[in-house]
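K.L.:
Here you go, this is my_file.txt (compact mmCIF, C-alpha atoms).
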```
# COMPACT_ATOMS: atom_id res chain seq x y z
CA MET A 1 26.76 188.24 160.96
CA ARG A 2 25.81 191.69 159.84
CA ARG A 3 25.56 192.07 156.13
CA ARG A 4 28.03 194.49 154.68
CA ALA A 5 26.50 197.30 152.82
CA GLY A 6 27.81 199.34 149.93
CA LEU A 7 28.61 199.33 146.28
CA GLY A 8 31.51 196.93 146.63
CA ALA A 9 29.29 194.30 148.12
CA ILE A 10 26.78 194.53 145.30
CA GLN A 11 29.49 194.23 142.70
CA LYS A 12 30.92 191.23 144.44
CA GLN A 13 27.53 189.56 144.55
CA LYS A 14 27.05 190.15 140.85
CA LEU A 15 30.42 188.70 140.07
CA GLU A 16 29.66 185.60 142.05
CA GLN A 17 26.36 185.14 140.22
CA GLU A 18 28.11 185.33 136.88
CA LYS A 19 30.64 182.80 137.99
CA TYR A 20 27.86 180.45 139.01
CA LYS A 21 26.22 180.91 135.66
CA ASP A 22 29.43 180.21 133.80
CA LYS A 23 30.06 177.14 135.85
CA GLY A 24 26.50 175.99 135.23
CA ASN A 25 26.89 176.41 131.49
CA GLU A 26 30.13 174.58 131.62
CA ILE A 27 28.60 171.64 133.42
CA GLN A 28 25.68 171.58 131.05
CA GLU A 29 27.94 171.59 128.05
CA ASN A 30 29.97 168.83 129.57
CA GLN A 31 26.93 166.73 130.12
CA PHE A 32 25.63 167.35 126.63
CA GLU A 33 28.96 166.44 125.20
CA GLN A 34 29.03 163.31 127.24
CA ILE A 35 25.58 162.23 126.28
CA THR A 36 26.27 162.94 122.64
CA LYS A 37 29.40 160.88 122.97
CA GLN A 38 27.47 158.12 124.67
CA LEU A 39 24.78 158.10 122.03
CA GLU A 40 27.40 158.16 119.32
CA PHE A 41 29.12 155.31 121.04
CA PHE A 42 25.89 153.43 121.41
CA LYS A 43 24.99 153.95 117.79
CA VAL A 44 28.42 152.76 116.70
CA ASN A 45 27.97 149.74 118.89
CA LEU A 46 24.51 149.05 117.56
CA GLU A 47 25.81 149.34 114.03
CA GLU A 48 28.67 147.06 114.83
CA PHE A 49 26.33 144.65 116.49
CA ALA A 50 23.95 144.73 113.58
CA SER A 51 26.58 144.21 110.93
CA LYS A 52 28.30 141.54 112.96
CA HIS A 53 25.06 139.67 113.45
CA LYS A 54 23.56 140.53 110.10
CA ASN A 55 23.23 136.93 109.06
CA GLU A 56 21.92 135.91 112.42
CA ILE A 57 19.28 138.61 112.19
CA LYS A 58 18.21 137.41 108.79
CA LYS A 59 18.09 133.78 109.74
CA ASN A 60 16.81 133.62 113.26
CA PRO A 61 13.30 134.88 113.92
CA GLU A 62 13.73 135.10 117.70
CA PHE A 63 16.95 137.08 117.30
CA ARG A 64 15.19 139.32 114.82
CA ARG A 65 12.40 140.08 117.25
CA GLN A 66 14.82 140.94 120.05
CA PHE A 67 16.85 143.12 117.78
CA GLN A 68 13.71 144.96 116.73
CA GLU A 69 12.82 145.52 120.35
CA MET A 70 16.30 146.82 121.15
CA CYS A 71 16.08 149.28 118.28
CA ALA A 72 12.63 150.38 119.29
CA SER A 73 13.77 151.16 122.83
CA ILE A 74 16.19 153.80 121.58
CA GLY A 75 13.87 155.09 118.90
CA VAL A 76 15.53 153.59 115.84
CA ASP A 77 13.35 151.91 113.26
CA PRO A 78 15.54 149.88 110.96
CA LEU A 79 12.57 149.35 108.68
CA SER A 80 11.96 153.00 107.94
CA SER A 81 15.66 153.78 107.66
CA GLY A 82 16.14 153.22 103.99
CA LYS A 83 19.18 155.44 103.99
CA GLY A 84 22.46 155.25 105.80
CA PHE A 85 24.02 152.21 107.24
CA TRP A 86 20.73 150.34 107.77
CA SER A 87 20.18 150.11 104.07
CA VAL A 88 23.60 148.53 103.72
CA LEU A 89 22.55 145.90 106.20
CA GLY A 90 19.46 145.10 104.21
CA ILE A 91 17.35 144.54 107.28
CA GLY A 92 14.66 146.72 105.81
CA ASP A 93 14.95 144.72 102.61
CA PHE A 94 14.19 141.58 104.51
CA TYR A 95 10.87 143.00 105.61
CA TYR A 96 10.10 144.62 102.29
CA GLU A 97 10.62 141.34 100.57
CA LEU A 98 8.39 139.71 103.12
CA ALA A 99 5.76 142.40 102.69
CA ILE A 100 5.65 141.77 98.95
CA GLN A 101 5.19 138.08 99.58
CA VAL A 102 2.40 138.88 102.03
CA VAL A 103 0.64 140.85 99.31
CA GLU A 104 1.14 138.02 96.85
CA VAL A 105 -0.42 135.46 99.16
CA CYS A 106 -3.32 137.79 99.93
CA LEU A 107 -4.04 138.34 96.25
CA ALA A 108 -3.74 134.67 95.44
CA THR A 109 -6.25 133.66 98.09
CA ASN A 110 -8.61 136.61 97.64
CA ASP A 111 -10.76 134.57 95.35
CA LYS A 112 -11.75 132.17 98.09
CA ASN A 113 -11.58 134.20 101.27
CA GLY A 114 -12.72 137.57 99.98
CA GLY A 115 -9.55 139.29 101.16
CA LEU A 116 -9.42 138.16 104.75
CA ILE A 117 -6.85 135.67 105.89
CA SER A 118 -5.65 134.50 109.27
CA LEU A 119 -2.03 135.03 110.15
CA GLU A 120 -1.57 131.26 110.54
CA GLU A 121 -2.82 130.47 107.05
CA LEU A 122 -0.83 133.36 105.62
CA ARG A 123 2.34 132.05 107.25
CA GLU A 124 1.81 128.50 106.01
CA ARG A 125 1.17 129.59 102.45
CA LEU A 126 4.01 132.04 102.43
CA ILE A 127 6.51 129.51 103.73
CA LYS A 128 5.33 127.01 101.13
CA ALA A 129 5.94 129.58 98.41
CA ARG A 130 9.39 130.50 99.65
CA GLY A 131 12.50 128.51 98.97
CA LYS A 132 13.20 125.28 100.78
CA ARG A 133 16.34 126.54 102.51
CA LYS A 134 16.09 126.73 106.25
CA GLU A 135 16.47 130.48 106.49
CA HIS A 136 13.59 130.87 104.06
CA GLN A 137 11.41 128.73 106.24
CA GLU A 138 12.07 130.44 109.54
CA ILE A 139 9.56 133.20 109.32
CA SER A 140 7.77 133.98 112.55
CA LYS A 141 4.34 135.47 113.01
CA ASP A 142 6.09 138.49 114.49
CA ASP A 143 7.96 139.00 111.22
CA LEU A 144 4.74 138.77 109.26
CA LEU A 145 2.99 141.23 111.54
CA ARG A 146 5.80 143.74 111.14
CA ALA A 147 5.83 143.29 107.40
CA SER A 148 2.03 143.58 107.19
CA GLN A 149 1.96 146.65 109.36
CA LYS A 150 4.38 148.29 106.95
CA LEU A 151 1.79 147.81 104.25
CA ARG A 152 -0.55 150.21 106.00
CA ILE A 153 1.23 153.08 104.33
CA PHE A 154 -0.72 152.12 101.22
CA GLY A 155 -3.88 153.33 102.93
CA SER A 156 -6.92 151.49 104.11
CA GLY A 157 -6.45 148.73 101.55
CA PHE A 158 -4.34 146.80 103.97
CA ASN A 159 -5.11 146.17 107.60
CA VAL A 160 -4.08 144.01 110.49
CA ILE A 161 -7.10 143.10 112.58
CA PRO A 162 -6.53 141.65 116.01
CA TYR A 163 -9.18 139.18 117.09
CA GLY A 164 -9.19 136.86 120.05
CA LYS A 165 -6.08 136.37 122.09
CA GLY A 166 -2.89 136.89 120.10
CA LYS A 167 -4.75 136.13 116.88
CA TYR A 168 -4.65 138.27 113.80
CA MET A 169 -6.36 138.54 110.48
CA ILE A 170 -4.86 140.32 107.52
CA GLN A 171 -7.41 142.22 105.49
CA SER A 172 -6.36 143.03 101.95
CA VAL A 173 -9.44 144.78 100.61
CA PRO A 174 -10.33 148.41 101.25
CA GLY A 175 -12.98 149.00 103.88
CA GLU A 176 -12.72 149.76 107.54
CA LEU A 177 -13.54 147.06 110.02
CA SER A 178 -14.66 148.17 113.44
CA MET A 179 -14.36 146.65 116.89
CA ASP A 180 -17.73 144.99 116.38
CA HIS A 181 -16.47 143.22 113.29
CA SER A 182 -13.40 141.87 114.96
CA ALA A 183 -15.56 140.81 117.91
CA ILE A 184 -17.67 138.80 115.46
CA LEU A 185 -14.56 137.22 113.95
CA THR A 186 -13.42 136.33 117.44
CA GLN A 187 -16.72 134.59 118.14
CA ALA A 188 -16.77 132.76 114.82
CA SER A 189 -13.24 131.57 115.39
CA ALA A 190 -13.83 130.56 119.01
CA SER A 191 -16.95 128.61 118.06
CA ASN A 192 -14.79 126.49 115.73
CA ARG A 193 -17.68 126.42 113.28
CA ALA A 194 -16.68 129.31 111.03
CA TYR A 195 -20.12 130.87 111.39
CA VAL A 196 -22.17 133.02 113.75
CA THR A 197 -25.85 133.80 114.09
CA VAL A 198 -27.69 136.72 115.60
CA SER A 199 -28.81 134.67 118.58
CA PHE A 200 -25.30 133.34 119.13
CA LEU A 201 -24.03 136.92 119.32
CA LYS A 202 -26.86 137.78 121.68
CA GLN A 203 -25.86 134.90 123.89
CA GLU A 204 -22.12 135.50 123.82
CA LEU A 205 -21.90 139.29 123.63
CA ASN A 206 -25.39 140.30 124.69
CA TRP A 207 -25.83 142.31 121.52
CA GLU A 208 -29.20 143.52 120.35
CA ARG A 209 -30.45 142.12 117.07
CA GLU A 210 -29.98 145.43 115.27
CA ARG A 211 -26.36 145.81 116.29
CA SER A 212 -25.54 142.28 115.17
CA GLU A 213 -27.38 142.63 111.89
CA ASN A 214 -25.70 145.92 111.05
CA ALA A 215 -22.25 144.50 111.65
CA LEU A 216 -23.02 141.22 109.86
CA ASP A 217 -24.54 142.96 106.85
CA HIS A 218 -21.41 145.04 106.55
CA LEU A 219 -19.28 141.89 106.51
CA VAL A 220 -21.52 140.40 103.82
CA ASN A 221 -21.28 143.59 101.76
CA GLN A 222 -17.52 143.48 102.04
CA GLY A 223 -17.56 139.97 100.62
CA LEU A 224 -16.04 138.59 103.80
CA ALA A 225 -19.07 136.62 104.97
CA TRP A 226 -21.44 134.30 103.10
CA ILE A 227 -25.05 133.78 104.08
CA ASP A 228 -26.63 130.38 104.60
CA LEU A 229 -30.43 130.26 104.63
CA GLN A 230 -30.90 126.52 104.90
CA ASP A 231 -30.59 126.06 108.62
CA VAL A 232 -33.96 125.31 110.19
CA HIS A 233 -33.48 127.80 113.00
CA GLU A 234 -31.94 130.94 111.66
CA LYS A 235 -29.75 132.66 109.13
CA ARG A 236 -26.06 131.80 109.44
CA TYR A 237 -23.14 133.96 108.49
CA TYR A 238 -20.11 131.96 107.37
CA PHE A 239 -16.51 133.07 107.02
CA PRO A 240 -14.56 131.21 104.36
CA SER A 241 -11.37 132.58 105.89
CA LEU A 242 -12.16 130.55 109.02
CA PHE A 243 -13.59 127.50 107.28
CA ASN A 244 -11.09 124.65 107.63
CA GLU A 245 -11.54 123.07 104.24
CA CYS A 246 -11.13 126.43 102.58
CA VAL A 247 -8.04 127.25 104.62
CA ASN A 248 -6.44 123.90 103.82
CA THR A 249 -7.26 123.83 100.14
CA SER A 250 -4.37 124.48 97.83
CA MET B 1 -27.74 108.70 89.08
CA VAL B 2 -24.03 108.85 88.46
CA GLU B 3 -21.94 108.36 91.53
CA THR B 4 -18.53 109.56 90.64
CA ASN B 5 -15.29 109.41 92.51
CA ILE B 6 -15.04 113.11 92.00
CA GLU B 7 -12.87 115.15 94.29
CA TRP B 8 -15.24 117.71 95.63
CA PRO B 9 -13.91 121.25 95.94
CA TRP B 10 -13.97 122.80 99.40
CA GLN B 11 -17.05 124.82 98.49
CA TYR B 12 -19.12 121.65 98.23
CA ASN B 13 -18.91 121.25 101.99
CA PHE B 14 -19.35 124.95 102.67
CA PRO B 15 -23.05 125.31 103.58
CA PRO B 16 -23.61 128.83 102.14
CA PHE B 17 -22.43 127.56 98.76
CA PHE B 18 -25.98 126.18 98.43
CA THR B 19 -27.67 129.52 99.18
CA LEU B 20 -27.82 132.20 96.51
CA GLN B 21 -25.41 134.95 97.65
CA LEU B 22 -26.73 138.48 97.47
CA ASN B 23 -23.43 140.33 97.36
CA PRO B 24 -22.61 140.60 93.63
CA GLU B 25 -18.90 139.90 94.05
CA THR B 26 -19.50 136.94 96.28
CA ARG B 27 -22.18 135.65 93.94
CA ALA B 28 -19.83 135.91 90.99
CA LYS B 29 -17.33 133.72 92.85
CA GLN B 30 -20.10 131.34 93.84
CA PHE B 31 -21.35 131.00 90.25
CA GLN B 32 -17.86 130.52 88.89
CA ALA B 33 -17.22 127.74 91.37
CA TRP B 34 -20.57 126.12 90.52
CA LYS B 35 -19.91 126.29 86.77
CA ASN B 36 -16.54 124.61 87.20
CA LEU B 37 -18.02 122.00 89.49
CA ILE B 38 -20.95 121.18 87.18
CA LEU B 39 -18.71 120.71 84.15
CA ASP B 40 -16.21 118.69 86.15
CA TYR B 41 -18.93 116.49 87.63
CA CYS B 42 -20.52 115.83 84.26
CA LYS B 43 -17.18 115.13 82.62
CA LYS B 44 -16.10 112.63 85.27
CA GLY B 45 -19.44 110.88 85.22
CA LYS B 46 -19.99 111.18 81.44
CA LEU B 47 -23.24 112.91 82.14
CA TYR B 48 -24.75 114.64 79.11
CA ILE B 49 -28.15 115.60 80.43
CA ILE B 50 -29.25 117.29 83.61
CA ASP B 51 -32.89 117.41 84.49
CA VAL B 52 -33.40 120.20 86.97
CA ARG B 53 -36.56 118.60 88.35
CA GLU B 54 -34.42 115.64 89.40
CA SER B 55 -31.80 117.80 91.07
CA SER B 56 -32.49 116.58 94.58
CA HIS B 57 -31.45 113.09 93.44
CA ILE B 58 -28.16 114.30 92.04
CA ALA B 59 -25.35 114.38 94.57
CA LEU B 60 -23.94 117.39 92.78
CA PHE B 61 -26.85 119.57 93.86
CA ASN B 62 -27.67 117.82 97.09
CA ASN B 63 -25.00 117.34 99.71
CA SER B 64 -26.69 115.08 102.22
CA ASN B 65 -23.67 115.19 104.55
CA ILE B 66 -24.31 118.80 105.39
CA ASN B 67 -27.99 118.70 104.53
CA ARG B 68 -27.84 121.40 101.88
CA LYS B 69 -29.52 121.57 98.47
CA LEU B 70 -29.22 124.01 95.64
CA ASP B 71 -32.51 125.60 94.73
CA GLN B 72 -33.85 124.74 91.27
CA SER B 73 -34.19 128.36 90.23
CA VAL B 74 -30.54 128.92 91.15
CA ILE B 75 -29.52 125.87 89.15
CA ILE B 76 -31.31 127.29 86.12
CA SER B 77 -29.54 130.64 86.50
CA ILE B 78 -26.17 128.91 86.67
CA LEU B 79 -26.95 126.70 83.67
CA SER B 80 -28.06 129.80 81.77
CA GLU B 81 -24.63 131.27 82.42
CA LEU B 82 -23.05 128.10 81.11
CA GLN B 83 -25.23 128.46 78.02
CA ARG B 84 -23.64 131.82 77.29
CA THR B 85 -20.22 130.23 76.86
CA GLY B 86 -21.58 127.31 74.86
CA HIS B 87 -21.27 124.82 77.71
CA ALA B 88 -24.96 124.04 78.11
CA ALA B 89 -28.27 124.37 76.29
CA PRO B 90 -31.84 123.83 77.40
CA VAL B 91 -33.65 121.05 75.59
CA ASP B 92 -37.17 122.13 76.45
CA LYS B 93 -38.84 125.50 76.56
CA SER B 94 -39.40 125.48 80.30
CA LYS B 95 -35.64 125.10 80.77
CA GLN B 96 -35.93 122.02 82.91
CA ARG B 97 -33.88 119.63 80.79
CA TRP B 98 -30.39 120.67 79.83
CA GLU B 99 -27.65 119.30 77.69
CA ILE B 100 -24.29 119.87 79.29
CA TYR B 101 -21.27 120.33 77.10
CA TRP B 102 -18.10 119.94 79.11
CA HIS B 103 -16.58 120.24 75.70
CA THR B 104 -18.39 122.82 73.63
CA LEU B 105 -20.04 121.56 70.44
CA ASP B 106 -17.26 123.19 68.42
CA GLU B 107 -14.68 121.32 70.46
CA TRP B 108 -16.49 118.01 69.99
CA ALA B 109 -16.76 118.66 66.25
CA ASN B 110 -13.05 119.40 65.92
CA MET B 111 -12.14 116.37 67.98
CA ILE B 112 -14.22 114.08 65.80
CA TYR B 113 -12.95 115.54 62.56
CA ASP B 114 -9.32 115.34 63.73
CA CYS B 115 -9.81 111.69 64.53
CA ILE B 116 -11.40 111.00 61.14
CA SER B 117 -8.65 112.77 59.22
CA SER B 118 -5.85 111.15 61.16
CA ARG B 119 -7.29 107.75 60.26
CA GLY B 120 -7.87 108.70 56.64
CA LEU B 121 -11.58 107.96 56.90
CA GLN B 122 -12.68 110.85 54.71
CA ASN B 123 -15.01 109.77 51.95
CA SER B 124 -16.18 106.78 53.88
CA VAL B 125 -19.53 106.31 55.55
CA LEU B 126 -19.79 105.51 59.24
CA THR B 127 -22.87 104.81 61.25
CA LEU B 128 -23.39 107.06 64.23
CA TYR B 129 -23.21 103.96 66.37
CA GLU B 130 -19.76 103.13 65.02
CA LEU B 131 -18.66 106.66 65.57
CA SER B 132 -19.71 106.82 69.18
CA GLN B 133 -19.60 103.22 70.38
CA GLY B 134 -17.32 101.47 67.94
CA GLU B 135 -14.21 99.55 69.01
CA ASP B 136 -12.07 101.82 66.92
CA VAL B 137 -12.94 104.88 68.95
CA GLN B 138 -12.71 103.30 72.40
CA ASN B 139 -9.77 105.46 73.37
CA GLU B 140 -11.19 108.65 71.97
CA GLU B 141 -12.47 111.39 74.25
CA PHE B 142 -15.79 111.30 72.45
CA TYR B 143 -16.29 107.56 72.97
CA GLY B 144 -19.80 107.04 74.31
CA ILE B 145 -20.93 110.51 73.32
CA GLN B 146 -24.65 110.92 73.62
CA HIS B 147 -26.62 110.67 70.42
CA GLU B 148 -28.20 114.15 70.44
CA VAL B 149 -24.91 115.81 71.27
CA LEU B 150 -23.14 113.86 68.56
CA VAL B 151 -25.70 114.93 65.96
CA LYS B 152 -25.32 118.58 66.96
CA ALA B 153 -21.54 118.38 66.72
CA LEU B 154 -21.80 116.74 63.29
CA GLN B 155 -24.23 119.41 62.14
CA ILE B 156 -21.51 121.96 62.81
CA LEU B 157 -19.15 119.99 60.58
CA GLU B 158 -21.90 119.71 58.00
CA LYS B 159 -22.19 123.49 57.86
CA ASP B 160 -18.46 123.64 57.11
CA ARG B 161 -19.01 121.03 54.39
CA LYS B 162 -16.81 118.58 56.18
CA CYS B 163 -19.44 115.90 56.37
CA GLU B 164 -22.94 114.98 55.38
CA LEU B 165 -25.42 113.49 57.78
CA ILE B 166 -27.74 110.76 56.67
CA LEU B 167 -30.59 110.72 59.12
CA SER B 168 -33.29 108.31 58.27
CA ASP B 169 -35.28 106.33 60.78
CA SER B 170 -33.53 103.05 60.30
CA ASP B 171 -30.06 104.06 59.28
CA GLU B 172 -28.18 106.90 60.81
CA GLY B 173 -24.84 107.56 59.33
CA VAL B 174 -22.40 110.19 58.30
CA LYS B 175 -20.07 110.63 55.39
CA PHE B 176 -16.97 112.71 55.97
CA PHE B 177 -15.19 114.77 53.36
```
Show me the file's structure as structure tokens.

P.N.:
Amino acid sequence: MRRRAGLGAIQKQKLEQEKYKDKGNEIQENQFEQITKQLEFFKVNLEEFASKHKNEIKKNPEFRRQFQEMCASIGVDPLSSGKGFWSVLGIGDFYYELAIQVVEVCLATNDKNGGLISLEELRERLIKARGKRKEHQEISKDDLLRASQKLRIFGSGFNVIPYGKGKYMIQSVPGELSMDHSAILTQASASNRAYVTVSFLKQELNWERERSENALDHLVNQGLAWIDLQDVHEKRYYFPSLFNECVNTS
Amino acid sequence: MVETNIEWPWQYNFPPFFTLQLNPETRAKQFQAWKNLILDYCKKGKLYIIDVRESSHIALFNNSNINRKLDQSVIISILSELQRTGHAAPVDKSKQRWEIYWHTLDEWANMIYDCISSRGLQNSVLTLYELSQGEDVQNEEFYGIQHEVLVKALQILEKDRKCELILSDSDEGVKFF
């Protein structure tokens, strides 16, 4: 078909374009409105869900973890939301309270472990210190990790150090620990002897003497490792935080 | 030596506890734990004297289960710290023999004087043997107190004019006021 020429045709084309644009805007607005409505709806639902299951969330560690995950997937952090409806729920409070107890346990055991404690020991001590009621006892490692991670806002004085598979240490003294340090903790823990030596690290990690000594000296300087010079073969570096009798002592 | 049914603290089985720690903070913790342990060990075993030269025969300083011993020079440093708080004193110049006071001399002195006053024994003369081994004091904390330690505690009371020591070769006694 031959295209019609002339002013009229141009004007008509322009008009059509504008109509398209309008329609486009309209659709966009509609969608935006819908999504806003959906989000609003979702938020209302989440709030409803949270307040309905408030007690469940406080009591049941597995429920708590799933709820946390659900919140995380839509970008809500009930822990950092001190204002608004979350504060009414007191979910943040639950973790703040826990965080304070974490600090208390860390301070109380600092004398023997130098400020390094495994998540397991922390949990046992914390549960012992809490009330005897069931809901006070049901604190999962996940809860403790979340609470401990919140403490990072206080700066480098508080750190969660992953070591080994699914194992964590809570460090409550200032001082950065590197990958090498957590690798050493992993080895000391895996050996079940609470100590490492330079040749053990050479054998397990293929580290040169200098690398091992640097990392080990740092741990000694931080007060996290103790030296033992009475082995016939070589110097041993012990970790009270991994030494069973120390962990189990009251 | 004294074998006590002491409950060892966890550190006693922790091998590095027997090696002098170089980190000052760690060493402070180590020394504190040793000081507590030494006083506790001596108290449980009624041990008044430690001879550092004999340390390898004392279970306290030699844990044969883990094959660890505390070095004699370290023992002397720890005892010197105990001396600062009045819980130990060297008997000889070379600091090899030590008296250990799990109660300080002041505490012993007060304990003895309290006992004397509560029994109304002021103005009477007691032999040192009666005072430390007598039937009357069997239930007292200071029952069996070692002679030299007893004399030192009484000398404190003497300075406060609460007693007078009579120390002759044959008869050793004390008169309380």

K.L.:
Identify every residue of chain A that has at least one atom within 12 Å of any atom of chain B, counting only C-alpha atoms, and report the result as a PyMOL selection string.

P.N.:
chain A and resi 110-115+193-195+217-232+235-250

K.L.:
Could you work out how far CA of Gly134 (chain B) lies from CA of Arg161 (chain B), giving the answer in Å with one decimal?

P.N.:
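Distance between the two atoms: 23.9 Å.
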
K.L.:
Taking only C-alpha atoms into account, produce a table as a tab-separated table in which each residue of region 73-161 of chain B with an atom at most 10 Å from an atom of region 172-176 of chain B appears once, together with its shortest atom pair and the distance in Å to one decimal, ordered by chain and rising number.

P.N.:
```
residue	atom	partner	partner_atom	distance
B:Tyr113	CA	B:Phe176	CA	8.2
B:Ile116	CA	B:Phe176	CA	7.8
B:Ser117	CA	B:Phe176	CA	8.9
B:Gly120	CA	B:Phe176	CA	10.0
B:Leu121	CA	B:Phe176	CA	7.2
B:Gln122	CA	B:Phe176	CA	4.8
B:Asn123	CA	B:Phe176	CA	5.4
B:Ser124	CA	B:Lys175	CA	5.7
B:Val125	CA	B:Lys175	CA	4.4
B:Leu126	CA	B:Val174	CA	5.4
B:Thr127	CA	B:Gly173	CA	3.9
B:Leu128	CA	B:Gly173	CA	5.1
B:Tyr129	CA	B:Glu172	CA	8.0
B:Glu130	CA	B:Gly173	CA	8.8
B:Leu131	CA	B:Gly173	CA	8.8
B:Val151	CA	B:Val174	CA	9.6
B:Leu154	CA	B:Val174	CA	8.3
B:Leu157	CA	B:Phe176	CA	8.9
B:Glu158	CA	B:Phe176	CA	8.8
B:Arg161	CA	B:Phe176	CA	8.7
```

K.L.:
CA of Trp98 (chain B) and CA of Glu135 (chain B), how far apart in Å?

P.N.:
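So the answer is 28.7 Å.
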
K.L.:
Can you measure CA of Val44 (chain A) to CA of Met70 (chain A) for me? One decimal in Å is fine.

P.N.:
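These atoms are spaced 14.2 Å apart.
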
K.L.:
Can you pull out every residue within 12 Å of Lys46 (chain B), counting only C-alpha atoms, but drop anything in the same chain fewer than 3 positions away, and send it as a list in words?

P.N.:
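In the requested format, the answer is Met1, Val2, Glu3, Thr4, Ile6, Ile38, Leu39, Asp40, Tyr41, Cys42, Lys43, Ile49, Ile50, Glu99, Ile100, Tyr101, Trp102, His103, Glu141, Phe142, Tyr143, Gly144, Ile145 and Gln146 of chain B.
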
K.L.:
Counting all atoms listed in the file, figure out which residue out of A:Lys202, A:Arg125, A:Lys43, A:Arg130 gets nearest to Thr109 (chain A).

P.N.:
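Using all atoms listed in the file, Thr109 (chain A) sits closest to A:Arg125.
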
K.L.:
Taking into account all atoms listed in the file, which residue in the set A:Ile27, A:Leu98, A:Ala188, A:Ser118 is nearest to Lys150 (chain A)?

P.N.:
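Among A:Ile27, A:Leu98, A:Ala188, A:Ser118, it is A:Leu98 that comes nearest to Lys150 (chain A).
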
K.L.:
Could you list, as a PyMOL selection string, every residue within 9 Å of region 163-168 of chain A, counting all atoms listed in the file and ignoring same-chain residues fewer than 3 positions away?

P.N.:
chain A and resi 117-120+145+160+182-187+189-190
